[in-house]
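Presented below is the structure to which this report refers.
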Amino acid sequence: MASMLLSDCSTSATARLVPLQRRISVLTSQLRSQVSLPWGAVSPRLVHSSGSRFQSPCTVASAMSTDTSAKIIDGKSVAKQIRDEIAGEIVKLKDATGVVPGLAVVLVGSRKDSQTYVRNKKKACEAVGITSYEANLPDDSTEEEVIKQISLFNNDPSVHGILVQLPLPRHMNEENILNAVGIEKDVDGFHPLNIGRLAMQGRESLFVPCTPKGCIELLHRYDVEIKGKRAVVIGRSNIVGMPAALLLQRANATVSIVHSYTKNPEEITRQADIVITAVGVANLVRGSWIKPGAVVIDVGINPVDDAESPKGYRLVGDVCFEEVSKVASAITPVPGGVGPMTIAMLLSNTLSSAKRLHNFQ
Ligand SMILES: Nc1nc2c(c(=O)[nH]1)N[C@@H](CN(C=O)c1ccc(C(=O)N[C@@H](CCC(=O)O)C(=O)O)cc1)CN2
């Protein structure tokens with residue numbers, strides 16, 4: 001059985017191309033020091049290993065490599081197309097009603113990665129005609145201070161969407177804070193009522209979390225049939241894995257979730273026509289995990305050391321692109337796959353919210 005390193009949360013861990021035992025200790029120490037973990041809390045059971053330690057390294061190829069048989073699912077260009085569509089719809093909304101959609105972002109603390117994501121969200125808003133509002137609170141803010149800020153945005157009629165950038169500082173209770181976002185402005189779709197409705201037959205969420213929504217949108221735009229197909233989601237985080245599985249199920253796929261206690265992840269994944277990975281472990285999914293012709297959506301964004309890159313690192317996914325692109329029929333690259341779709345879906349949710357709040361079809 002293949003080496004196994006799985007996370008229950010979609011944290012992005014720095015993984016290196018080193019033998020398994022060292023990789024575990026590198027991962028563990030990096031997770032402890034909270035380096036580059038854009039997707040939230042660190043589970044004490046994050047790194048779980050079993051099986052062979054003699055797996056060959058995945059030689060990470062550039063996503064531009066020509067030695068692939070799989071079609072590249074180009075999230076960057078789909079996201080651009082969606083942003084253009086949104087910009088057009090915002091003009092129509094404004095012309096008909098005078099309403100300009102507004103998005104408020106709450107950023108707590110000074111994490112560089114979160115600051116970058118927030119900056120990118122603001123730029124994306126500007127480009128399509130959404131007004132952005134920002135509240136920056138210091139690392140040592142109290143939960144009450146954050147909730148007070150959220151309440152101000154809840155009561156502001158020019159704000160149609162509110163999001164709290166994750167992860168929050170460790171001393172804060174994420175659940176309390178996310179519960180404070182008014183369900184009608186919860187454009188991240190993280191409120192338990194929105195997630196709960198996603199899990200229920202015959203109910204509709206007001207908003208679907210952006211990253212999983214982006215994954216499904218990519219499948220639709222590339223004409224990948226979901227109905228009746230077997231799908232495997234690797235990872236069960238609240239913000240990606242679990243909602244992705246629910247969305248696939250709602251689209252009538254037969255869904256399995258692979259997680260850190262799954263005994264035979266490779267065998268289960270190999271049965272899937274559609275694979276979505278969101279674990280934050282670089283190159284975990286190898287060619288041997290994939291059924292020939294499967295479609296692979298890689299949500300992982302993992303920095304790995306790269307002396308040749310000006311930054312000293314580059315980003316890779318959860319999937320060993322070089323191997324999997326030779327087996328799959330279609331695959332998302334990292335970067336340039338799911339990542340850009342996250343922000344496009346946020347803009348789409350904000351526009352829907354403005355339309356709903358102003359009864360505009
Ligand atoms: N409140 C939220 N917090 C977080 C979310 C979220 O959806 N809501 N997701 C992530 C961070 N994130 C947006 O917030 C995000 C991450 C990555 C990308 C992206 O476009 N990635 C690029 C690569 C970027 C690079 O080169 O550094 C890609 O994959 O091509 C967009 C948004 C955690 N927090």
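Going by the structure tokens order, chains are called A, B, ..., each with residues numbered from 1, while ligands are numbered from 1 in the order shown.
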Identify, counting only C-alpha atoms and all ligand atoms, the protein, DNA and RNA residues located within 6 Å of ligand 1, and give them as an mmCIF file with C-alpha atoms, in the first residue's frame.
```cif
data_model
loop_
_atom_site.group_PDB
_atom_site.id
_atom_site.type_symbol
_atom_site.label_atom_id
_atom_site.label_comp_id
_atom_site.auth_asym_id
_atom_site.auth_seq_id
_atom_site.Cartn_x
_atom_site.Cartn_y
_atom_site.Cartn_z
ATOM 1 C CA PRO A 38 -3.942 28.960 4.816
ATOM 2 C CA TRP A 39 -6.808 26.632 5.622
ATOM 3 C CA TYR A 117 -5.754 36.862 -0.045
ATOM 4 C CA LEU A 163 -16.558 37.185 5.233
ATOM 5 C CA VAL A 164 -14.093 36.535 8.006
ATOM 6 C CA GLN A 165 -10.723 35.591 6.581
ATOM 7 C CA LEU A 166 -9.524 32.231 7.959
ATOM 8 C CA ASP A 188 -18.465 32.274 2.326
ATOM 9 C CA CYS A 210 -16.557 29.242 -2.611
ATOM 10 C CA THR A 211 -13.812 26.660 -3.149
ATOM 11 C CA VAL A 334 -1.575 24.142 -9.190
ATOM 12 C CA PRO A 335 -1.348 27.080 -9.346
ATOM 13 C CA GLY A 336 -3.970 28.170 -11.873
ATOM 14 C CA GLY A 337 -6.642 25.549 -11.214
ATOM 15 C CA VAL A 338 -9.114 25.760 -8.343
ATOM 16 C CA GLY A 339 -7.433 28.713 -6.545
ATOM 17 C CA PRO A 340 -8.610 31.477 -8.913
ATOM 18 C CA THR A 342 -12.392 30.619 -5.102
ATOM 19 C CA ILE A 343 -12.366 34.384 -5.581
#
```
Within 8 Å of Gln271 of chain A using only C-alpha atoms, minus same-chain residues under 6 positions, as a short mmCIF file (atom, residue, chain, number, x, y, z; two decimals) with C-alpha atoms, in the first residue's frame:
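Resulting contents of part-v3.cif:
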```cif
data_model
loop_
_atom_site.label_atom_id
_atom_site.label_comp_id
_atom_site.auth_asym_id
_atom_site.auth_seq_id
_atom_site.Cartn_x
_atom_site.Cartn_y
_atom_site.Cartn_z
CA ARG A 230 -18.40 7.49 -8.62
CA ILE A 290 -6.14 7.06 -10.29
CA LYS A 291 -8.46 5.12 -12.56
#
```
- Identify, on the basis of only C-alpha atoms, every residue whose closest approach to Ala251 of chain A does not exceed 9 Å; exclude the query and any residue fewer than 6 positions from it along the same chain; express the result as a PyMOL selection string. chain A and resi 226-228
- Message: When you look at Asn349 of chain A with a cut-off of 12 Å (counting only C-alpha atoms), what residues show up, excluding the ones that are within fewer than 6 positions of it in the same chain? I need them as a ChimeraX atom specification.
- Response: /A:82-83,86,101-103,125,130,160-163,184-189,205-211,213-214,342-343,355-356
Restricting the output to N, CA and C atoms, write the selected residues as a CSV table (one decimal), in the first residue's frame.
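In the end it all went to again-v9.csv:
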```
chain,number,residue,atom,x,y,z
A,82,ILE,N,-15.7,34.1,-15.8
A,82,ILE,CA,-16.8,34.3,-14.8
A,82,ILE,C,-16.8,35.8,-14.3
A,83,ARG,N,-15.6,36.3,-14.1
A,83,ARG,CA,-15.5,37.7,-13.6
A,83,ARG,C,-16.1,38.6,-14.6
A,86,ILE,N,-19.8,38.4,-14.4
A,86,ILE,CA,-20.3,39.1,-13.2
A,86,ILE,C,-20.2,40.6,-13.4
A,101,PRO,N,-23.3,46.3,-5.5
A,101,PRO,CA,-23.0,45.3,-4.4
A,101,PRO,C,-21.8,45.6,-3.6
A,102,GLY,N,-21.9,45.3,-2.3
A,102,GLY,CA,-20.8,45.6,-1.3
A,102,GLY,C,-20.4,44.3,-0.6
A,103,LEU,N,-19.0,44.2,-0.5
A,103,LEU,CA,-18.5,43.0,0.2
A,103,LEU,C,-17.6,43.5,1.4
A,125,CYS,N,-12.8,42.6,-6.4
A,125,CYS,CA,-14.1,43.4,-6.3
A,125,CYS,C,-14.0,44.7,-7.1
A,130,ILE,N,-17.7,45.8,-7.5
A,130,ILE,CA,-18.2,45.6,-6.2
A,130,ILE,C,-17.5,46.5,-5.3
A,160,HIS,N,-23.6,43.7,1.3
A,160,HIS,CA,-24.4,42.5,0.9
A,160,HIS,C,-23.7,41.2,1.2
A,161,GLY,N,-22.4,41.2,1.4
A,161,GLY,CA,-21.7,40.0,1.8
A,161,GLY,C,-20.7,40.3,2.8
A,162,ILE,N,-20.5,39.4,3.8
A,162,ILE,CA,-19.5,39.5,4.8
A,162,ILE,C,-18.7,38.2,4.9
A,163,LEU,N,-17.4,38.4,5.0
A,163,LEU,CA,-16.6,37.2,5.2
A,163,LEU,C,-15.5,37.5,6.3
A,184,GLU,N,-28.0,35.8,5.7
A,184,GLU,CA,-28.3,36.4,4.4
A,184,GLU,C,-27.1,37.1,3.8
A,185,LYS,N,-26.1,37.3,4.6
A,185,LYS,CA,-24.9,37.9,4.0
A,185,LYS,C,-23.6,37.0,4.1
A,186,ASP,N,-23.9,35.7,4.3
A,186,ASP,CA,-22.8,34.8,4.6
A,186,ASP,C,-22.2,34.2,3.3
A,187,VAL,N,-21.5,35.1,2.5
A,187,VAL,CA,-21.1,34.8,1.2
A,187,VAL,C,-20.0,33.7,1.1
A,188,ASP,N,-19.4,33.4,2.3
A,188,ASP,CA,-18.5,32.3,2.3
A,188,ASP,C,-19.2,31.0,2.5
A,189,GLY,N,-20.5,31.1,2.9
A,189,GLY,CA,-21.3,29.8,3.1
A,189,GLY,C,-20.8,29.0,4.3
A,205,SER,N,-29.3,26.0,0.4
A,205,SER,CA,-28.5,27.0,1.1
A,205,SER,C,-28.6,28.3,0.4
A,206,LEU,N,-28.5,29.4,1.2
A,206,LEU,CA,-28.4,30.7,0.6
A,206,LEU,C,-27.1,30.9,-0.2
A,207,PHE,N,-26.0,30.3,0.4
A,207,PHE,CA,-24.7,30.4,-0.2
A,207,PHE,C,-24.0,29.1,0.0
A,208,VAL,N,-23.2,28.7,-1.1
A,208,VAL,CA,-22.3,27.5,-1.0
A,208,VAL,C,-20.9,28.0,-0.9
A,209,PRO,N,-20.1,27.3,0.0
A,209,PRO,CA,-18.7,27.7,0.1
A,209,PRO,C,-17.9,27.8,-1.2
A,210,CYS,N,-17.1,28.8,-1.3
A,210,CYS,CA,-16.6,29.2,-2.6
A,210,CYS,C,-15.7,28.2,-3.3
A,211,THR,N,-14.8,27.6,-2.5
A,211,THR,CA,-13.8,26.7,-3.1
A,211,THR,C,-14.5,25.4,-3.7
A,213,LYS,N,-17.6,25.1,-4.5
A,213,LYS,CA,-18.5,25.6,-5.6
A,213,LYS,C,-17.7,25.8,-6.8
A,214,GLY,N,-16.5,26.3,-6.7
A,214,GLY,CA,-15.6,26.5,-7.8
A,214,GLY,C,-15.2,25.2,-8.5
A,342,THR,N,-11.9,30.3,-6.4
A,342,THR,CA,-12.4,30.6,-5.1
A,342,THR,C,-12.9,32.1,-5.1
A,343,ILE,N,-12.0,33.0,-5.6
A,343,ILE,CA,-12.4,34.4,-5.6
A,343,ILE,C,-13.5,34.7,-6.6
A,355,LYS,N,-28.6,40.9,-5.3
A,355,LYS,CA,-29.8,40.7,-6.1
A,355,LYS,C,-30.9,40.2,-5.2
A,356,ARG,N,-30.6,39.2,-4.3
A,356,ARG,CA,-31.7,38.7,-3.4
A,356,ARG,C,-32.2,39.7,-2.5
```
Just list the residues in segment 208-269 of chain A DSSP gives helix (DSSP H, G or I) on the backbone, as a PDB file with C-alpha atoms, in the first residue's frame.
```pdb
ATOM      1  CA  CYS A 210     -16.557  29.242  -2.611  1.00  0.00           C
ATOM      2  CA  THR A 211     -13.812  26.660  -3.149  1.00  0.00           C
ATOM      3  CA  PRO A 212     -16.076  23.582  -3.465  1.00  0.00           C
ATOM      4  CA  LYS A 213     -18.511  25.622  -5.556  1.00  0.00           C
ATOM      5  CA  GLY A 214     -15.558  26.500  -7.821  1.00  0.00           C
ATOM      6  CA  CYS A 215     -14.664  22.798  -8.178  1.00  0.00           C
ATOM      7  CA  ILE A 216     -18.182  21.899  -9.319  1.00  0.00           C
ATOM      8  CA  GLU A 217     -18.310  24.932 -11.629  1.00  0.00           C
ATOM      9  CA  LEU A 218     -15.101  23.727 -13.304  1.00  0.00           C
ATOM     10  CA  LEU A 219     -16.636  20.273 -13.823  1.00  0.00           C
ATOM     11  CA  HIS A 220     -19.746  21.859 -15.383  1.00  0.00           C
ATOM     12  CA  ARG A 221     -17.793  24.221 -17.617  1.00  0.00           C
ATOM     13  CA  GLY A 241     -13.833  18.460   1.622  1.00  0.00           C
ATOM     14  CA  MET A 242     -17.162  18.037   3.362  1.00  0.00           C
ATOM     15  CA  PRO A 243     -19.122  20.611   1.298  1.00  0.00           C
ATOM     16  CA  ALA A 244     -17.484  19.292  -1.900  1.00  0.00           C
ATOM     17  CA  ALA A 245     -18.774  15.802  -1.052  1.00  0.00           C
ATOM     18  CA  LEU A 246     -22.255  17.182  -0.361  1.00  0.00           C
ATOM     19  CA  LEU A 247     -22.292  19.099  -3.644  1.00  0.00           C
ATOM     20  CA  LEU A 248     -21.234  16.023  -5.615  1.00  0.00           C
ATOM     21  CA  GLN A 249     -23.951  14.021  -3.904  1.00  0.00           C
ATOM     22  CA  ARG A 250     -26.538  16.700  -4.694  1.00  0.00           C
ATOM     23  CA  PRO A 265      -7.150   5.178   0.361  1.00  0.00           C
ATOM     24  CA  GLU A 266      -5.385   4.196  -2.850  1.00  0.00           C
ATOM     25  CA  GLU A 267      -7.797   1.375  -3.626  1.00  0.00           C
ATOM     26  CA  ILE A 268     -10.878   3.491  -2.895  1.00  0.00           C
ATOM     27  CA  THR A 269      -9.613   6.461  -4.882  1.00  0.00           C
TER      28      THR A 269
END
```
- Give the strand (DSSP E or B) residues of segment 90-158 of chain A, as assigned by DSSP on the backbone, as a VMD selection string. chain A and resid 102 to 108 131 to 137
